[in-house]
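Working notes, structure below.
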Amino acid sequence: GPGDKSNTVAAGSSRSSGSSGSSCSSSEVGVSGSGSTKTVVQGEDNDRSFTANDDQSDQTGYYTQRALLLGVAILWGTNFPSVKYLLDQGLTPDIICAGRFLIAGASLLPFTLNSITREIGVAGAEIGMWISLGYISQAISLQSVSSNKAAFVCSLQVIVVPLIEILFGKKPSAKLLAAALMSLIGVALLELSPDNQLTPPDINDFICFLQPLSFGISYIRIEKYLETLPKGAAKALSGVQVQVTALVSLIWALALHFTSGNAVDVSFLQDKYSLLALLHTGLFSTALTVY
C-alpha cells in the first residue's frame with residue numbers, strides 16, 4: 001500500500017515459443033504499489049538483437065570519436081597562421097600566449113569549479129607545465145620560423161610519443177609505428193614543398209622542436225593520470241591544465257615587461273583582425289579542442 005515503505009517483488013515465469021521455432025523464456029515482474037508489470041524476454045532471437053544494437057552503437061562511437069579528432073586537427077592547423085599573423089602585427093610571443101590562454105582558461109572555468117579535487121589539481125598542474133613549454137616555444141620560434149615549417153615540426157609528436165614509450169619499456173605495435181610514419185610523410189609532403197622558403201636548421205628550429213617533445217610528454221601523462229582519476233574527471237583536468245598554462249604565460253609576460261621596463265602594448269585591441277585572431281586561438285584552437 002502507499003503507506004508501506006517496503007517494496008514487495010513478485011515474479012513468475014512462463015514458457016513460450018517464437019514463430020521461428022526457437023524457445024525463449026519470459027518473466028513478469030510486478031512491484032507492489034506501482035500498478036505496473038514489466039516483461040523481460042530472454043532468448044536467442046533477442047540476444048542477436050541486443051548484439052546487433054551494441055555493434056551498431058560501437059561502430060557509431062568509433063567513427064564519431066575519429067571525426068572529433070579530425071576536427072581537432074583542423075582547428076590546430078588554423079592556429080599556426082593565426083599566431084603568425086599576430087606576430088606580423090607586432091605582438092610579442094608572451095602577450096600572444098598570455099592573451100590566448102587567459103581567454104581559453106576563462107571559458108573552461110565552469111568545468112573546473114564544478115569538479116576540482118586535489119588529485120585533479122596536481123595532475124593538471126604537471127600537464128599544464130608541459131603544455132606551457134610547448135606553446136611558449138611555439139610562439140618564440142614562429143618569430144623566425146615559417147608557419148609551414150613550425151606545423152611540420154609540431155607534427156613530429158606522432159613519432160615522439162611512441163619513442164618515449166619505447167624508452168619506458170612499452171613496445172608499440174608495428175601498426176602504430178606505420179601509421180605514425182605515414183602521418184609524418186603526409187605532413188611533410190604538404191608543408192615542406194620548395195615554395196615554402198625552407199631554411200637550414202638553426203637554434204630556432206631547436207626551440208621549435210620543444211613543441212612536439214613537450215606536447216608528446218603531456219599526452220602520455222594525461223593518459224596515465226586518467227587511468228587513476230575518477231570517471232568524468234577529463235573535463236576538469238582539461239580546464240586545470242589550460243588555466244595553469246594561462247598562469248605560466250601571464251607570469252612570463254609580466255616578468256619580461258617588468259625587467260625590460262616597457263609598458264604592455266595593447267594597441268592591437270583596436271585592430272579587429274588582430275582581436276579576432278587572438279579570440280580564435282583562445283576559444284577555438286585551444287578551449288574547444290581541449291573540450
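By convention here, the chains of the C-alpha cells are called A, B, ... in the order presented, each chain's residues are numbered starting at 1, and ligands are numbered starting at 1 in the order presented.
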
Using only C-alpha atoms, which protein or nucleic acid residues come within 8 Å of range 85-90 of chain A? Drop anything in the same chain fewer than 3 positions from it, and give the result as a PyMOL selection string. chain A and resi 81-82+93+96+142-143+268+274+277-278

Every residue of range 100-212 of chain A that DSSP places in helix (DSSP H, G or I), as a PyMOL selection string: chain A and resi 100-107+109-115+118-141+147-154+157-167+174-191+194-196+203-212

Could those selected residues go to a file with C-alpha atoms, as a PDB file, in the first residue's frame?
```pdb
ATOM      1  CA  ARG A 100      45.305  33.218 -25.729  1.00  0.00           C
ATOM      2  CA  PHE A 101      45.328  31.105 -22.582  1.00  0.00           C
ATOM      3  CA  LEU A 102      43.603  33.650 -20.366  1.00  0.00           C
ATOM      4  CA  ILE A 103      40.709  33.581 -22.846  1.00  0.00           C
ATOM      5  CA  ALA A 104      40.757  29.770 -23.036  1.00  0.00           C
ATOM      6  CA  GLY A 105      41.146  29.321 -19.283  1.00  0.00           C
ATOM      7  CA  ALA A 106      38.250  31.671 -18.505  1.00  0.00           C
ATOM      8  CA  SER A 107      35.949  29.831 -20.911  1.00  0.00           C
ATOM      9  CA  LEU A 109      36.247  27.726 -15.653  1.00  0.00           C
ATOM     10  CA  PRO A 110      32.759  26.157 -15.255  1.00  0.00           C
ATOM     11  CA  PHE A 111      34.204  22.661 -15.762  1.00  0.00           C
ATOM     12  CA  THR A 112      36.980  23.319 -13.241  1.00  0.00           C
ATOM     13  CA  LEU A 113      34.901  24.894 -10.482  1.00  0.00           C
ATOM     14  CA  ASN A 114      32.271  22.156 -10.537  1.00  0.00           C
ATOM     15  CA  SER A 115      34.621  19.160 -10.331  1.00  0.00           C
ATOM     16  CA  ARG A 118      43.269  17.822  -5.090  1.00  0.00           C
ATOM     17  CA  GLU A 119      44.221  14.933  -7.383  1.00  0.00           C
ATOM     18  CA  ILE A 120      42.897  16.736 -10.464  1.00  0.00           C
ATOM     19  CA  GLY A 121      44.718  19.912  -9.406  1.00  0.00           C
ATOM     20  CA  VAL A 122      48.072  18.136  -9.038  1.00  0.00           C
ATOM     21  CA  ALA A 123      47.658  16.320 -12.366  1.00  0.00           C
ATOM     22  CA  GLY A 124      46.535  19.473 -14.182  1.00  0.00           C
ATOM     23  CA  ALA A 125      49.464  21.460 -12.771  1.00  0.00           C
ATOM     24  CA  GLU A 126      52.050  18.997 -14.104  1.00  0.00           C
ATOM     25  CA  ILE A 127      50.405  18.636 -17.505  1.00  0.00           C
ATOM     26  CA  GLY A 128      49.922  22.399 -17.734  1.00  0.00           C
ATOM     27  CA  MET A 129      53.660  22.944 -17.237  1.00  0.00           C
ATOM     28  CA  TRP A 130      54.492  20.629 -20.154  1.00  0.00           C
ATOM     29  CA  ILE A 131      51.881  22.327 -22.345  1.00  0.00           C
ATOM     30  CA  SER A 132      53.203  25.765 -21.341  1.00  0.00           C
ATOM     31  CA  LEU A 133      56.686  24.818 -22.505  1.00  0.00           C
ATOM     32  CA  GLY A 134      55.281  23.633 -25.838  1.00  0.00           C
ATOM     33  CA  TYR A 135      53.219  26.721 -26.567  1.00  0.00           C
ATOM     34  CA  ILE A 136      55.841  29.189 -25.372  1.00  0.00           C
ATOM     35  CA  SER A 137      58.445  27.546 -27.620  1.00  0.00           C
ATOM     36  CA  GLN A 138      55.932  27.662 -30.470  1.00  0.00           C
ATOM     37  CA  ALA A 139      55.340  31.395 -30.069  1.00  0.00           C
ATOM     38  CA  ILE A 140      59.075  32.154 -29.781  1.00  0.00           C
ATOM     39  CA  SER A 141      60.084  30.028 -32.786  1.00  0.00           C
ATOM     40  CA  SER A 147      54.194  28.616 -40.041  1.00  0.00           C
ATOM     41  CA  ASN A 148      54.522  25.724 -42.525  1.00  0.00           C
ATOM     42  CA  LYS A 149      57.811  24.581 -41.056  1.00  0.00           C
ATOM     43  CA  ALA A 150      56.537  25.019 -37.487  1.00  0.00           C
ATOM     44  CA  ALA A 151      53.470  22.909 -38.315  1.00  0.00           C
ATOM     45  CA  PHE A 152      55.695  20.147 -39.686  1.00  0.00           C
ATOM     46  CA  VAL A 153      57.973  20.187 -36.641  1.00  0.00           C
ATOM     47  CA  CYS A 154      54.945  20.110 -34.346  1.00  0.00           C
ATOM     48  CA  GLN A 157      54.797  14.424 -31.879  1.00  0.00           C
ATOM     49  CA  VAL A 158      53.311  11.403 -33.701  1.00  0.00           C
ATOM     50  CA  ILE A 159      56.847   9.987 -33.625  1.00  0.00           C
ATOM     51  CA  VAL A 160      57.880  11.401 -30.241  1.00  0.00           C
ATOM     52  CA  VAL A 161      55.079   9.679 -28.313  1.00  0.00           C
ATOM     53  CA  PRO A 162      55.913   6.092 -29.354  1.00  0.00           C
ATOM     54  CA  LEU A 163      59.652   6.811 -28.983  1.00  0.00           C
ATOM     55  CA  ILE A 164      59.150   7.981 -25.396  1.00  0.00           C
ATOM     56  CA  GLU A 165      57.037   4.916 -24.676  1.00  0.00           C
ATOM     57  CA  ILE A 166      59.820   2.708 -26.058  1.00  0.00           C
ATOM     58  CA  LEU A 167      62.286   4.382 -23.665  1.00  0.00           C
ATOM     59  CA  ALA A 174      54.003  -2.211 -35.870  1.00  0.00           C
ATOM     60  CA  LYS A 175      50.614  -0.845 -36.952  1.00  0.00           C
ATOM     61  CA  LEU A 176      51.041   2.204 -34.711  1.00  0.00           C
ATOM     62  CA  LEU A 177      54.559   2.911 -35.942  1.00  0.00           C
ATOM     63  CA  ALA A 178      53.473   2.559 -39.572  1.00  0.00           C
ATOM     64  CA  ALA A 179      50.553   4.953 -39.017  1.00  0.00           C
ATOM     65  CA  ALA A 180      52.843   7.489 -37.317  1.00  0.00           C
ATOM     66  CA  LEU A 181      55.357   7.316 -40.164  1.00  0.00           C
ATOM     67  CA  MET A 182      52.643   7.723 -42.804  1.00  0.00           C
ATOM     68  CA  SER A 183      51.228  10.744 -40.952  1.00  0.00           C
ATOM     69  CA  LEU A 184      54.668  12.318 -40.790  1.00  0.00           C
ATOM     70  CA  ILE A 185      55.299  11.757 -44.505  1.00  0.00           C
ATOM     71  CA  GLY A 186      51.881  13.210 -45.340  1.00  0.00           C
ATOM     72  CA  VAL A 187      52.521  16.399 -43.373  1.00  0.00           C
ATOM     73  CA  ALA A 188      55.988  16.703 -44.916  1.00  0.00           C
ATOM     74  CA  LEU A 189      54.544  16.497 -48.432  1.00  0.00           C
ATOM     75  CA  LEU A 190      52.041  19.221 -47.570  1.00  0.00           C
ATOM     76  CA  GLU A 191      54.279  21.599 -45.658  1.00  0.00           C
ATOM     77  CA  PRO A 194      60.236  24.095 -52.273  1.00  0.00           C
ATOM     78  CA  ASP A 195      57.851  27.071 -52.416  1.00  0.00           C
ATOM     79  CA  ASN A 196      57.694  27.332 -48.615  1.00  0.00           C
ATOM     80  CA  ILE A 203      68.706  27.458 -32.845  1.00  0.00           C
ATOM     81  CA  ASN A 204      65.121  28.473 -33.589  1.00  0.00           C
ATOM     82  CA  ASP A 205      64.456  25.043 -35.059  1.00  0.00           C
ATOM     83  CA  PHE A 206      65.698  23.514 -31.810  1.00  0.00           C
ATOM     84  CA  ILE A 207      63.329  25.773 -29.855  1.00  0.00           C
ATOM     85  CA  CYS A 208      60.575  24.764 -32.272  1.00  0.00           C
ATOM     86  CA  PHE A 209      61.332  21.088 -31.586  1.00  0.00           C
ATOM     87  CA  LEU A 210      60.383  21.633 -27.940  1.00  0.00           C
ATOM     88  CA  GLN A 211      56.768  21.692 -29.203  1.00  0.00           C
ATOM     89  CA  PRO A 212      56.427  18.000 -30.119  1.00  0.00           C
TER      90      PRO A 212
END
```

Quick one: of A:Gln241, A:Thr228, A:Asn79, A:Gln270, who's nearest to Leu283 in chain A, counting only C-alpha atoms?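 For Leu283 in chain A, the nearest of the given residues is A:Asn79.
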
Would you work out the distance separating CA of Tyr291 in chain A from CA of Leu213 in chain A, expressed in Å to one decimal?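 Answer for the CA of Tyr291 in chain A to CA of Leu213 in chain A separation: 22.1 Å.
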
May I ask which of the residues A:Leu275, A:Leu108, A:Ala67, A:Leu91 is the closest one to Gly239 in chain A, counting only C-alpha atoms?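 Smallest distance to Gly239 in chain A is found for A:Leu108.
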
I'd like the interatomic distance between CA of Lys235 in chain A and CA of Ile217 in chain A, to a tenth of an Å.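 According to the coordinates, CA of Lys235 in chain A and CA of Ile217 in chain A are separated by 19.1 Å.
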
Please determine, counting only C-alpha atoms, which residue among A:Thr289, A:Gln59, A:Ser144, A:Gln243 has the shortest atom-to-atom distance to Lys84 in chain A. A:Ser144

In Å to one decimal, how far is CA of Ala253 in chain A from CA of Asp94 in chain A? 4.8 Å

Residue set, range 22-243 of chain A restricted to strand (DSSP E or B), as number ranges by chain: A: 23-31, 37-42

Which is closer to Leu226 in chain A than all the others in A:Ser238, A:Gly282, A:Ile116, A:Ser146, using only C-alpha atoms?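 Using only C-alpha atoms, Leu226 in chain A sits closest to A:Ser238.
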